[in-house]
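input35.cif (mmCIF, C-alpha atoms, pLDDT in the B column; chains and numbers go by the auth columns) appears below.
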```cif
data_run
#
loop_
_atom_site.group_PDB
_atom_site.id
_atom_site.type_symbol
_atom_site.label_atom_id
_atom_site.label_comp_id
_atom_site.label_asym_id
_atom_site.label_seq_id
_atom_site.Cartn_x
_atom_site.Cartn_y
_atom_site.Cartn_z
_atom_site.B_iso_or_equiv
_atom_site.auth_seq_id
_atom_site.auth_asym_id
ATOM 1 C CA MET A 1 88.870 -11.206 4.768 93.00 7 A
ATOM 2 C CA LEU A 2 85.382 -9.702 5.065 95.00 8 A
ATOM 3 C CA PRO A 3 85.996 -7.049 2.335 95.00 9 A
ATOM 4 C CA ALA A 4 87.114 -9.806 -0.060 96.00 10 A
ATOM 5 C CA LEU A 5 83.987 -11.838 0.682 96.00 11 A
ATOM 6 C CA ARG A 6 81.815 -8.797 0.086 96.00 12 A
ATOM 7 C CA GLN A 7 83.550 -8.269 -3.252 96.00 13 A
ATOM 8 C CA SER A 8 82.936 -11.891 -4.207 96.00 14 A
ATOM 9 C CA ALA A 9 79.259 -11.565 -3.294 97.00 15 A
ATOM 10 C CA SER A 10 78.960 -8.371 -5.362 96.00 16 A
ATOM 11 C CA ILE A 11 80.465 -10.130 -8.382 95.00 17 A
ATOM 12 C CA ALA A 12 78.033 -13.023 -8.035 95.00 18 A
ATOM 13 C CA ARG A 13 75.063 -10.679 -7.803 95.00 19 A
ATOM 14 C CA ALA A 14 76.202 -8.638 -10.793 94.00 20 A
ATOM 15 C CA MET A 15 76.640 -11.756 -12.945 90.00 21 A
ATOM 16 C CA GLU A 16 73.234 -13.269 -12.228 90.00 22 A
ATOM 17 C CA GLY A 17 71.433 -13.947 -15.493 82.00 23 A
ATOM 18 C CA ARG A 18 74.560 -13.176 -17.536 83.00 24 A
ATOM 19 C CA VAL A 19 76.462 -16.480 -17.397 85.00 25 A
ATOM 20 C CA ARG A 20 75.912 -20.034 -18.569 80.00 26 A
ATOM 21 C CA ASN A 21 76.685 -23.385 -17.049 69.00 27 A
ATOM 22 C CA ARG A 22 79.997 -24.912 -18.169 71.00 28 A
ATOM 23 C CA PRO A 23 79.803 -28.369 -16.524 61.00 29 A
ATOM 24 C CA LYS A 24 82.935 -29.850 -14.978 62.00 30 A
ATOM 25 C CA LYS A 25 83.872 -33.262 -16.337 64.00 31 A
ATOM 26 C CA GLY A 26 83.990 -36.347 -14.178 60.00 32 A
ATOM 27 C CA GLU A 27 81.439 -35.305 -11.562 54.00 33 A
ATOM 28 C CA ALA A 28 78.765 -37.772 -10.489 57.00 34 A
ATOM 29 C CA THR A 29 75.760 -35.438 -10.662 64.00 35 A
ATOM 30 C CA PRO A 30 74.752 -32.303 -12.607 60.00 36 A
ATOM 31 C CA ILE A 31 74.663 -30.391 -9.327 55.00 37 A
ATOM 32 C CA LYS A 32 78.305 -31.170 -8.541 58.00 38 A
ATOM 33 C CA ALA A 33 79.303 -30.591 -12.162 49.00 39 A
ATOM 34 C CA ALA A 34 77.780 -27.101 -12.383 49.00 40 A
ATOM 35 C CA LEU A 35 80.327 -24.361 -13.049 62.00 41 A
ATOM 36 C CA THR A 36 80.035 -20.803 -14.349 77.00 42 A
ATOM 37 C CA ALA A 37 82.357 -17.886 -14.977 88.00 43 A
ATOM 38 C CA ALA A 38 80.841 -16.370 -11.838 89.00 44 A
ATOM 39 C CA ASP A 39 82.184 -19.238 -9.699 90.00 45 A
ATOM 40 C CA THR A 40 85.750 -18.711 -10.889 91.00 46 A
ATOM 41 C CA ALA A 41 85.573 -14.898 -10.743 92.00 47 A
ATOM 42 C CA CYS A 42 84.173 -14.941 -7.199 94.00 48 A
ATOM 43 C CA GLN A 43 86.816 -17.413 -6.078 95.00 49 A
ATOM 44 C CA GLU A 44 89.685 -15.362 -7.475 96.00 50 A
ATOM 45 C CA ALA A 45 88.278 -12.184 -5.896 97.00 51 A
ATOM 46 C CA PHE A 46 88.608 -13.863 -2.516 97.00 52 A
ATOM 47 C CA LEU A 47 91.790 -15.875 -2.988 97.00 53 A
ATOM 48 C CA VAL A 48 94.025 -13.198 -4.526 97.00 54 A
ATOM 49 C CA PRO A 49 93.959 -10.890 -1.465 97.00 55 A
ATOM 50 C CA LEU A 50 94.094 -13.929 0.829 97.00 56 A
ATOM 51 C CA ALA A 51 97.266 -15.140 -0.906 96.00 57 A
ATOM 52 C CA ASP A 52 98.798 -11.671 -0.713 96.00 58 A
ATOM 53 C CA ARG A 53 98.327 -11.492 3.057 96.00 59 A
ATOM 54 C CA PHE A 54 98.296 -15.101 4.258 96.00 60 A
ATOM 55 C CA PRO A 55 100.122 -17.361 1.782 94.00 61 A
ATOM 56 C CA GLN A 56 101.081 -19.712 4.630 95.00 62 A
ATOM 57 C CA VAL A 57 97.532 -21.073 5.041 97.00 63 A
ATOM 58 C CA ARG A 58 96.239 -24.180 3.338 97.00 64 A
ATOM 59 C CA VAL A 59 93.235 -23.710 1.082 97.00 65 A
ATOM 60 C CA GLU A 60 90.459 -26.051 0.070 95.00 66 A
ATOM 61 C CA ALA A 61 88.763 -24.227 -2.783 92.00 67 A
ATOM 62 C CA GLU A 62 85.800 -25.407 -4.822 85.00 68 A
ATOM 63 C CA GLU A 63 87.305 -24.589 -8.221 86.00 69 A
ATOM 64 C CA ASP A 64 90.742 -24.918 -9.848 86.00 70 A
ATOM 65 C CA THR A 65 91.757 -21.291 -10.377 92.00 71 A
ATOM 66 C CA PRO A 66 95.258 -19.724 -10.594 94.00 72 A
ATOM 67 C CA ALA A 67 95.285 -18.218 -7.106 95.00 73 A
ATOM 68 C CA ALA A 68 94.336 -21.565 -5.550 94.00 74 A
ATOM 69 C CA ARG A 69 97.836 -22.800 -6.422 92.00 75 A
ATOM 70 C CA ARG A 70 99.611 -20.046 -4.472 95.00 76 A
ATOM 71 C CA PHE A 71 99.080 -21.466 -0.996 96.00 77 A
ATOM 72 C CA ALA A 72 101.126 -23.710 1.262 92.00 78 A
ATOM 73 C CA PRO A 73 100.510 -27.477 0.921 92.00 79 A
ATOM 74 C CA THR A 74 100.732 -27.955 4.686 93.00 80 A
ATOM 75 C CA GLY A 75 100.078 -25.829 7.756 91.00 81 A
ATOM 76 C CA ASP A 76 97.973 -25.418 10.872 95.00 82 A
ATOM 77 C CA ALA A 77 95.362 -23.120 9.345 97.00 83 A
ATOM 78 C CA LEU A 78 92.902 -24.256 6.656 98.00 84 A
ATOM 79 C CA VAL A 79 90.645 -21.914 4.684 98.00 85 A
ATOM 80 C CA VAL A 80 87.619 -23.600 3.087 97.00 86 A
ATOM 81 C CA LEU A 81 85.947 -21.598 0.339 97.00 87 A
ATOM 82 C CA ASP A 82 82.759 -22.025 -1.681 95.00 88 A
ATOM 83 C CA PRO A 83 82.537 -19.124 -4.157 95.00 89 A
ATOM 84 C CA ILE A 84 78.925 -19.900 -5.089 94.00 90 A
ATOM 85 C CA ASP A 85 77.122 -22.497 -3.019 95.00 91 A
ATOM 86 C CA GLY A 86 74.190 -23.803 -5.038 91.00 92 A
ATOM 87 C CA THR A 87 75.406 -22.911 -8.524 88.00 93 A
ATOM 88 C CA LEU A 88 72.918 -24.972 -10.532 88.00 94 A
ATOM 89 C CA ARG A 89 69.669 -24.903 -8.574 91.00 95 A
ATOM 90 C CA PHE A 90 69.947 -21.569 -6.831 93.00 96 A
ATOM 91 C CA PHE A 91 72.292 -19.286 -8.799 90.00 97 A
ATOM 92 C CA LEU A 92 71.423 -20.372 -12.348 90.00 98 A
ATOM 93 C CA GLU A 93 67.862 -21.603 -11.905 89.00 99 A
ATOM 94 C CA GLY A 94 66.869 -19.141 -9.163 92.00 100 A
ATOM 95 C CA LEU A 95 65.168 -21.823 -7.076 94.00 101 A
ATOM 96 C CA GLY A 96 66.096 -20.066 -3.828 95.00 102 A
ATOM 97 C CA PRO A 97 68.949 -18.278 -2.033 97.00 103 A
ATOM 98 C CA TYR A 98 72.531 -19.174 -2.919 97.00 104 A
ATOM 99 C CA ALA A 99 75.550 -18.322 -0.752 97.00 105 A
ATOM 100 C CA VAL A 100 79.188 -17.206 -0.853 97.00 106 A
ATOM 101 C CA MET A 101 81.120 -18.712 2.052 97.00 107 A
ATOM 102 C CA ALA A 102 84.523 -18.998 3.672 98.00 108 A
ATOM 103 C CA GLY A 103 85.577 -20.743 6.871 98.00 109 A
ATOM 104 C CA LEU A 104 88.842 -20.791 8.833 98.00 110 A
ATOM 105 C CA ALA A 105 89.609 -24.103 10.534 98.00 111 A
ATOM 106 C CA PHE A 106 92.215 -25.236 13.062 97.00 112 A
ATOM 107 C CA ASP A 107 92.506 -28.826 14.315 95.00 113 A
ATOM 108 C CA ASP A 108 89.585 -29.932 12.122 96.00 114 A
ATOM 109 C CA GLU A 109 87.154 -27.385 13.611 98.00 115 A
ATOM 110 C CA TYR A 110 85.951 -24.035 12.289 98.00 116 A
ATOM 111 C CA ALA A 111 87.194 -21.080 14.308 98.00 117 A
ATOM 112 C CA ALA A 112 85.769 -18.295 12.130 98.00 118 A
ATOM 113 C CA ALA A 113 83.186 -18.081 9.357 98.00 119 A
ATOM 114 C CA LEU A 114 81.817 -15.707 6.725 98.00 120 A
ATOM 115 C CA VAL A 115 78.556 -16.250 4.810 98.00 121 A
ATOM 116 C CA ALA A 116 76.955 -13.890 2.306 98.00 122 A
ATOM 117 C CA LEU A 117 73.539 -14.255 0.686 98.00 123 A
ATOM 118 C CA PRO A 118 73.990 -11.892 -2.285 97.00 124 A
ATOM 119 C CA ARG A 119 70.401 -11.811 -3.510 96.00 125 A
ATOM 120 C CA GLU A 120 69.128 -11.006 -0.016 97.00 126 A
ATOM 121 C CA GLU A 121 71.981 -8.494 0.574 97.00 127 A
ATOM 122 C CA ILE A 122 72.907 -10.215 3.839 98.00 128 A
ATOM 123 C CA VAL A 123 76.402 -10.796 5.220 98.00 129 A
ATOM 124 C CA LEU A 124 77.017 -12.832 8.369 98.00 130 A
ATOM 125 C CA GLU A 125 80.261 -13.271 10.299 98.00 131 A
ATOM 126 C CA ALA A 126 81.448 -14.954 13.482 98.00 132 A
ATOM 127 C CA VAL A 127 84.544 -15.949 15.431 98.00 133 A
ATOM 128 C CA ARG A 128 84.121 -18.816 17.879 97.00 134 A
ATOM 129 C CA GLY A 129 83.476 -17.404 21.327 97.00 135 A
ATOM 130 C CA GLY A 130 83.003 -13.875 19.998 97.00 136 A
ATOM 131 C CA GLY A 131 79.363 -13.846 18.948 97.00 137 A
ATOM 132 C CA ALA A 132 77.932 -13.311 15.471 98.00 138 A
ATOM 133 C CA ARG A 133 77.154 -10.215 13.420 98.00 139 A
ATOM 134 C CA LEU A 134 74.758 -9.503 10.560 98.00 140 A
ATOM 135 C CA SER A 135 74.878 -6.749 7.950 97.00 141 A
ATOM 136 C CA LEU A 136 71.822 -6.000 5.837 96.00 142 A
ATOM 137 C CA GLY A 137 72.501 -4.002 2.680 93.00 143 A
ATOM 138 C CA GLU A 138 74.667 -0.974 3.423 88.00 144 A
ATOM 139 C CA ALA A 139 73.735 -0.867 7.122 92.00 145 A
ATOM 140 C CA SER A 140 76.405 -1.232 9.791 93.00 146 A
ATOM 141 C CA PRO A 141 76.863 -4.700 11.307 95.00 147 A
ATOM 142 C CA ARG A 142 74.701 -5.562 14.301 97.00 148 A
ATOM 143 C CA PRO A 143 74.639 -8.585 16.602 97.00 149 A
ATOM 144 C CA ALA A 144 73.019 -11.567 14.926 98.00 150 A
ATOM 145 C CA VAL A 145 70.427 -13.362 17.027 97.00 151 A
ATOM 146 C CA ALA A 146 68.535 -16.540 16.109 98.00 152 A
ATOM 147 C CA GLN A 147 64.798 -15.814 16.112 96.00 153 A
ATOM 148 C CA ALA A 148 61.683 -17.850 15.360 95.00 154 A
ATOM 149 C CA ASP A 149 60.060 -15.090 13.319 89.00 155 A
ATOM 150 C CA GLY A 150 57.923 -15.708 10.257 92.00 156 A
ATOM 151 C CA GLY A 151 56.672 -19.012 8.910 95.00 157 A
ATOM 152 C CA ARG A 152 59.333 -19.854 6.336 98.00 158 A
ATOM 153 C CA VAL A 153 61.751 -22.743 6.729 98.00 159 A
ATOM 154 C CA TYR A 154 64.696 -23.330 4.389 98.00 160 A
ATOM 155 C CA VAL A 155 65.026 -26.934 3.211 98.00 161 A
ATOM 156 C CA SER A 156 67.238 -28.878 0.817 96.00 162 A
ATOM 157 C CA HIS A 157 65.786 -28.944 -2.693 94.00 163 A
ATOM 158 C CA ASP A 158 65.341 -32.743 -2.680 94.00 164 A
ATOM 159 C CA LEU A 159 63.837 -33.046 0.803 96.00 165 A
ATOM 160 C CA PRO A 160 61.227 -35.838 0.547 96.00 166 A
ATOM 161 C CA GLU A 161 57.585 -34.801 0.338 97.00 167 A
ATOM 162 C CA PRO A 162 56.568 -36.555 3.596 97.00 168 A
ATOM 163 C CA ALA A 163 58.981 -34.276 5.458 98.00 169 A
ATOM 164 C CA ARG A 164 57.550 -31.218 3.739 98.00 170 A
ATOM 165 C CA ARG A 165 54.036 -32.271 4.729 98.00 171 A
ATOM 166 C CA VAL A 166 55.022 -32.326 8.394 98.00 172 A
ATOM 167 C CA LEU A 167 56.421 -28.809 8.087 98.00 173 A
ATOM 168 C CA ARG A 168 53.274 -27.539 6.359 98.00 174 A
ATOM 169 C CA ALA A 169 51.101 -29.195 9.006 98.00 175 A
ATOM 170 C CA ALA A 170 52.970 -27.117 11.603 97.00 176 A
ATOM 171 C CA GLY A 171 51.954 -23.982 9.691 97.00 177 A
ATOM 172 C CA TRP A 172 55.368 -23.484 8.107 98.00 178 A
ATOM 173 C CA GLN A 173 56.210 -22.794 4.494 98.00 179 A
ATOM 174 C CA PRO A 174 59.136 -24.957 3.289 98.00 180 A
ATOM 175 C CA GLU A 175 61.313 -23.178 0.737 98.00 181 A
ATOM 176 C CA PRO A 176 64.311 -24.710 -1.091 98.00 182 A
ATOM 177 C CA ALA A 177 67.678 -23.103 -0.352 98.00 183 A
ATOM 178 C CA SER A 178 71.376 -23.787 -0.732 97.00 184 A
ATOM 179 C CA GLY A 179 73.194 -25.524 2.095 96.00 185 A
ATOM 180 C CA GLY A 180 74.874 -22.290 3.117 97.00 186 A
ATOM 181 C CA ALA A 181 71.535 -20.517 3.482 98.00 187 A
ATOM 182 C CA ILE A 182 70.024 -23.433 5.409 98.00 188 A
ATOM 183 C CA SER A 183 72.886 -23.381 7.921 98.00 189 A
ATOM 184 C CA VAL A 184 72.070 -19.801 8.986 98.00 190 A
ATOM 185 C CA ALA A 185 68.298 -19.948 8.407 98.00 191 A
ATOM 186 C CA PRO A 186 66.990 -18.696 11.796 98.00 192 A
ATOM 187 C CA LEU A 187 69.233 -15.629 11.515 98.00 193 A
ATOM 188 C CA ILE A 188 67.527 -14.514 8.286 97.00 194 A
ATOM 189 C CA PRO A 189 64.555 -12.132 8.700 95.00 195 A
ATOM 190 C CA GLY A 190 61.303 -14.013 8.164 96.00 196 A
ATOM 191 C CA VAL A 191 62.944 -17.472 8.289 98.00 197 A
ATOM 192 C CA ARG A 192 62.594 -19.477 11.490 97.00 198 A
ATOM 193 C CA ALA A 193 64.476 -22.734 10.825 98.00 199 A
ATOM 194 C CA GLY A 194 66.444 -24.860 8.374 98.00 200 A
ATOM 195 C CA LEU A 195 66.484 -28.577 7.514 98.00 201 A
ATOM 196 C CA ARG A 196 69.009 -30.302 5.291 97.00 202 A
ATOM 197 C CA LEU A 197 69.191 -34.006 4.464 95.00 203 A
ATOM 198 C CA ALA A 198 72.083 -35.389 2.411 92.00 204 A
ATOM 199 C CA LEU A 199 70.300 -38.083 0.422 87.00 205 A
ATOM 200 C CA ASP A 200 73.253 -38.997 -1.790 80.00 206 A
ATOM 201 C CA SER A 201 75.960 -38.990 0.905 83.00 207 A
ATOM 202 C CA ASP A 202 76.663 -40.112 4.453 82.00 208 A
ATOM 203 C CA ARG A 203 77.542 -36.590 5.566 91.00 209 A
ATOM 204 C CA VAL A 204 76.920 -32.902 5.037 95.00 210 A
ATOM 205 C CA SER A 205 79.911 -31.487 3.145 93.00 211 A
ATOM 206 C CA ILE A 206 82.590 -29.480 4.932 95.00 212 A
ATOM 207 C CA ARG A 207 81.429 -26.402 3.013 95.00 213 A
ATOM 208 C CA GLY A 208 77.860 -26.959 4.120 94.00 214 A
ATOM 209 C CA ARG A 209 79.039 -26.695 7.744 96.00 215 A
ATOM 210 C CA ILE A 210 80.673 -23.262 7.509 98.00 216 A
ATOM 211 C CA GLY A 211 77.578 -21.339 8.546 98.00 217 A
ATOM 212 C CA LEU A 212 76.939 -23.504 11.594 98.00 218 A
ATOM 213 C CA LEU A 213 79.555 -21.640 13.602 98.00 219 A
ATOM 214 C CA ILE A 214 77.654 -18.417 12.903 98.00 220 A
ATOM 215 C CA ALA A 215 74.324 -20.010 13.845 98.00 221 A
ATOM 216 C CA GLU A 216 75.719 -21.336 17.126 98.00 222 A
ATOM 217 C CA GLU A 217 77.318 -18.005 18.014 98.00 223 A
ATOM 218 C CA ALA A 218 73.919 -16.363 17.368 98.00 224 A
ATOM 219 C CA GLY A 219 72.252 -18.717 19.863 98.00 225 A
ATOM 220 C CA ALA A 220 70.647 -21.194 17.455 98.00 226 A
ATOM 221 C CA ARG A 221 70.097 -24.868 18.256 98.00 227 A
ATOM 222 C CA VAL A 222 72.036 -27.023 15.788 98.00 228 A
ATOM 223 C CA CYS A 223 71.573 -30.815 15.686 97.00 229 A
ATOM 224 C CA CYS A 224 72.255 -33.823 13.467 97.00 230 A
ATOM 225 C CA GLU A 225 69.980 -36.780 12.688 95.00 231 A
ATOM 226 C CA SER A 226 70.538 -38.413 16.091 95.00 232 A
ATOM 227 C CA GLY A 227 69.194 -35.387 17.941 95.00 233 A
ATOM 228 C CA GLU A 228 72.622 -34.703 19.398 96.00 234 A
ATOM 229 C CA ALA A 229 74.506 -31.461 18.826 97.00 235 A
ATOM 230 C CA PHE A 230 75.952 -31.271 15.333 97.00 236 A
ATOM 231 C CA PRO A 231 79.631 -32.314 15.533 96.00 237 A
ATOM 232 C CA HIS A 232 82.221 -29.558 15.307 96.00 238 A
ATOM 233 C CA GLY A 233 84.694 -31.730 13.402 96.00 239 A
ATOM 234 C CA ILE A 234 84.485 -30.631 9.783 96.00 240 A
ATOM 235 C CA HIS A 235 84.839 -34.215 8.525 94.00 241 A
ATOM 236 C CA ALA A 236 82.649 -35.924 11.136 95.00 242 A
ATOM 237 C CA ALA A 237 79.816 -38.087 9.821 93.00 243 A
ATOM 238 C CA ALA A 238 76.431 -36.336 9.951 96.00 244 A
ATOM 239 C CA ARG A 239 73.807 -36.906 7.290 95.00 245 A
ATOM 240 C CA ALA A 240 71.257 -34.316 8.408 97.00 246 A
ATOM 241 C CA LEU A 241 71.413 -30.747 9.638 97.00 247 A
ATOM 242 C CA LEU A 242 68.674 -29.192 11.758 98.00 248 A
ATOM 243 C CA VAL A 243 68.953 -25.566 12.856 98.00 249 A
ATOM 244 C CA ALA A 244 66.332 -23.650 14.818 98.00 250 A
ATOM 245 C CA ALA A 245 65.995 -20.789 17.262 98.00 251 A
ATOM 246 C CA ASN A 246 64.432 -22.857 20.048 97.00 252 A
ATOM 247 C CA GLY A 247 63.674 -26.358 21.236 97.00 253 A
ATOM 248 C CA ASP A 248 60.028 -26.384 20.129 97.00 254 A
ATOM 249 C CA ASP A 249 60.951 -25.601 16.537 98.00 255 A
ATOM 250 C CA LEU A 250 63.708 -28.187 16.703 98.00 256 A
ATOM 251 C CA LYS A 251 61.128 -30.839 17.622 97.00 257 A
ATOM 252 C CA VAL A 252 59.114 -29.974 14.509 98.00 258 A
ATOM 253 C CA LEU A 253 62.236 -30.400 12.392 98.00 259 A
ATOM 254 C CA GLN A 254 62.933 -33.755 14.032 98.00 260 A
ATOM 255 C CA ARG A 255 59.416 -34.979 13.207 98.00 261 A
ATOM 256 C CA ALA A 256 59.830 -33.831 9.633 98.00 262 A
ATOM 257 C CA LEU A 257 63.210 -35.559 9.341 97.00 263 A
ATOM 258 C CA ALA A 258 61.750 -38.808 10.728 96.00 264 A
ATOM 259 C CA ALA A 259 58.983 -38.677 8.126 96.00 265 A
ATOM 260 C CA GLY A 260 61.494 -37.974 5.365 93.00 266 A
ATOM 261 C CA VAL A 261 63.743 -40.929 6.129 91.00 267 A
ATOM 262 C CA ALA A 262 61.040 -43.448 7.074 78.00 268 A
ATOM 263 C CA PRO A 263 61.077 -46.596 4.884 70.00 269 A
#
```
As structure tokens, what does this structure read like?
Amino acid sequence: MLPALRQSASIARAMEGRVRNRPKKGEATPIKAALTAADTACQEAFLVPLADRFPQVRVEAEEDTPAARRFAPTGDALVVLDPIDGTLRFFLEGLGPYAVMAGLAFDDEYAAALVALPREEIVLEAVRGGGARLSLGEASPRPAVAQADGGRVYVSHDLPEPARRVLRAAGWQPEPASGGAISVAPLIPGVRAGLRLALDSDRVSIRGRIGLLIAEEAGARVCCESGEAFPHGIHAAARALLVAANGDDLKVLQRALAAGVAP
């Protein structure tokens, strides 16, 4: 499904600055309510070819579009799709990188993942046990490797200021990013780590976990708030996501998280 994801990412990039927010009714926050024509177009660009080839899979799609109704209601394979991750803050407002993502899950765990950062012209892919690959622009895919290069760290847009101060004290530059971008942060050139804290929930969403398979396959360290490895179960409780290229950087993230959640 990589060509379909690339098409979705191209649509998102082409529609930047050309669409308006059409909020969904009944959502608790403006962030969850955000919806644009780009979201629905990107979703259909991915789901139509998926339905043509694999109608037997179950699909958990972000938006209610025609192709989303073409899939089986039950089955062993689940495809989770987020056509534009970070619609309000990152796609419409341009606060930082947004993402286009799809994950394939069996037995409540991701087995394969695709993440595109359209503005950065980056596409990442991985199959569990098969390593990860990165494509930059029109270049051929190459192995993706987590690296602590540069001083930037992707963080959730509402990360508390005490946590940001810890990161700045370490010489890092915290930058807001969508959850999808945070999950693959140390694979992005010039970005060494990512920190996400779900302030309004008891867990990172299942869509926010798609990129973690790619990060792990690229050798990154991925932890939750307890310091333990982030759970592979896509519905497992985990309020924070820390991803870094090495243990030293992970310790900085842990100090920042402790400062951010301190009473």
Next item on the list: With the file shown as input, list the residues that the PyMOL selection byres ((chain A and resi 93) around 12) selects, as a PyMOL selection string.
Entry: chain A and resi 18+22+25-29+36-46+48+68+88-92+94-106+183-186
Emit the selected residues as a compact mmCIF listing (two decimals), in the frame of the given file, including C-alpha atoms.
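Writing the result to result.txt gives the following:
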```txt
# COMPACT_ATOMS: atom_id res chain seq x y z
CA ALA A 18 78.03 -13.02 -8.04
CA GLU A 22 73.23 -13.27 -12.23
CA VAL A 25 76.46 -16.48 -17.40
CA ARG A 26 75.91 -20.03 -18.57
CA ASN A 27 76.68 -23.38 -17.05
CA ARG A 28 80.00 -24.91 -18.17
CA PRO A 29 79.80 -28.37 -16.52
CA PRO A 36 74.75 -32.30 -12.61
CA ILE A 37 74.66 -30.39 -9.33
CA LYS A 38 78.31 -31.17 -8.54
CA ALA A 39 79.30 -30.59 -12.16
CA ALA A 40 77.78 -27.10 -12.38
CA LEU A 41 80.33 -24.36 -13.05
CA THR A 42 80.04 -20.80 -14.35
CA ALA A 43 82.36 -17.89 -14.98
CA ALA A 44 80.84 -16.37 -11.84
CA ASP A 45 82.18 -19.24 -9.70
CA THR A 46 85.75 -18.71 -10.89
CA CYS A 48 84.17 -14.94 -7.20
CA GLU A 68 85.80 -25.41 -4.82
CA ASP A 88 82.76 -22.02 -1.68
CA PRO A 89 82.54 -19.12 -4.16
CA ILE A 90 78.92 -19.90 -5.09
CA ASP A 91 77.12 -22.50 -3.02
CA GLY A 92 74.19 -23.80 -5.04
CA LEU A 94 72.92 -24.97 -10.53
CA ARG A 95 69.67 -24.90 -8.57
CA PHE A 96 69.95 -21.57 -6.83
CA PHE A 97 72.29 -19.29 -8.80
CA LEU A 98 71.42 -20.37 -12.35
CA GLU A 99 67.86 -21.60 -11.90
CA GLY A 100 66.87 -19.14 -9.16
CA LEU A 101 65.17 -21.82 -7.08
CA GLY A 102 66.10 -20.07 -3.83
CA PRO A 103 68.95 -18.28 -2.03
CA TYR A 104 72.53 -19.17 -2.92
CA ALA A 105 75.55 -18.32 -0.75
CA VAL A 106 79.19 -17.21 -0.85
CA ALA A 183 67.68 -23.10 -0.35
CA SER A 184 71.38 -23.79 -0.73
CA GLY A 185 73.19 -25.52 2.10
CA GLY A 186 74.87 -22.29 3.12
```
Which residues of region 145-180 of chain A come within 8 Å of region 189-205 of chain A, and what is each one's closest atom pair and distance in Å (one decimal), counting only C-alpha atoms, sorted by chain and residue number, as CSV?
```
residue,atom,partner,partner_atom,distance
A:Ala150,CA,A:Leu193,CA,6.5
A:Val151,CA,A:Leu193,CA,6.1
A:Ala152,CA,A:Leu193,CA,4.7
A:Gln153,CA,A:Pro192,CA,5.6
A:Ala154,CA,A:Arg198,CA,4.3
A:Asp155,CA,A:Arg198,CA,5.4
A:Gly156,CA,A:Gly196,CA,4.3
A:Gly157,CA,A:Arg198,CA,6.5
A:Arg158,CA,A:Val197,CA,4.7
A:Val159,CA,A:Ala199,CA,4.9
A:Tyr160,CA,A:Gly200,CA,4.6
A:Val161,CA,A:Leu201,CA,4.8
A:Ser162,CA,A:Arg202,CA,5.0
A:Asp164,CA,A:Leu205,CA,7.9
A:Leu165,CA,A:Leu203,CA,6.6
```
Next item on the list: Any chance you could resolve the PyMOL selection byres ((chain A and resi 57) around 10) against this file and give the residues as a list in words?
Entry: Phe52, Leu53, Val54, Pro55, Leu56, Asp58, Arg59, Phe60, Pro61, Gln62, Val63, Val65, Ala73, Ala74, Arg75, Arg76, Phe77 and Ala78 of chain A
Next item on the list: Apply the PyMOL selection byres ((chain A and resi 230) around 7) to the displayed file and report the matching residues as a PyMOL selection string.
Entry: chain A and resi 229+231-236+244+246-248
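Here CA of Arg12 (chain A) and CA of Val129 (chain A) stand 7.7 Å from one another.
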Next item on the list: Name the closest residue to His241 (chain A) among the candidates A:Ala224, A:Arg213, A:Arg174, A:Ala268; distances are taken between atoms, counting all atoms listed in the file.
Entry: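 For His241 (chain A), the nearest of the candidates is A:Arg213.
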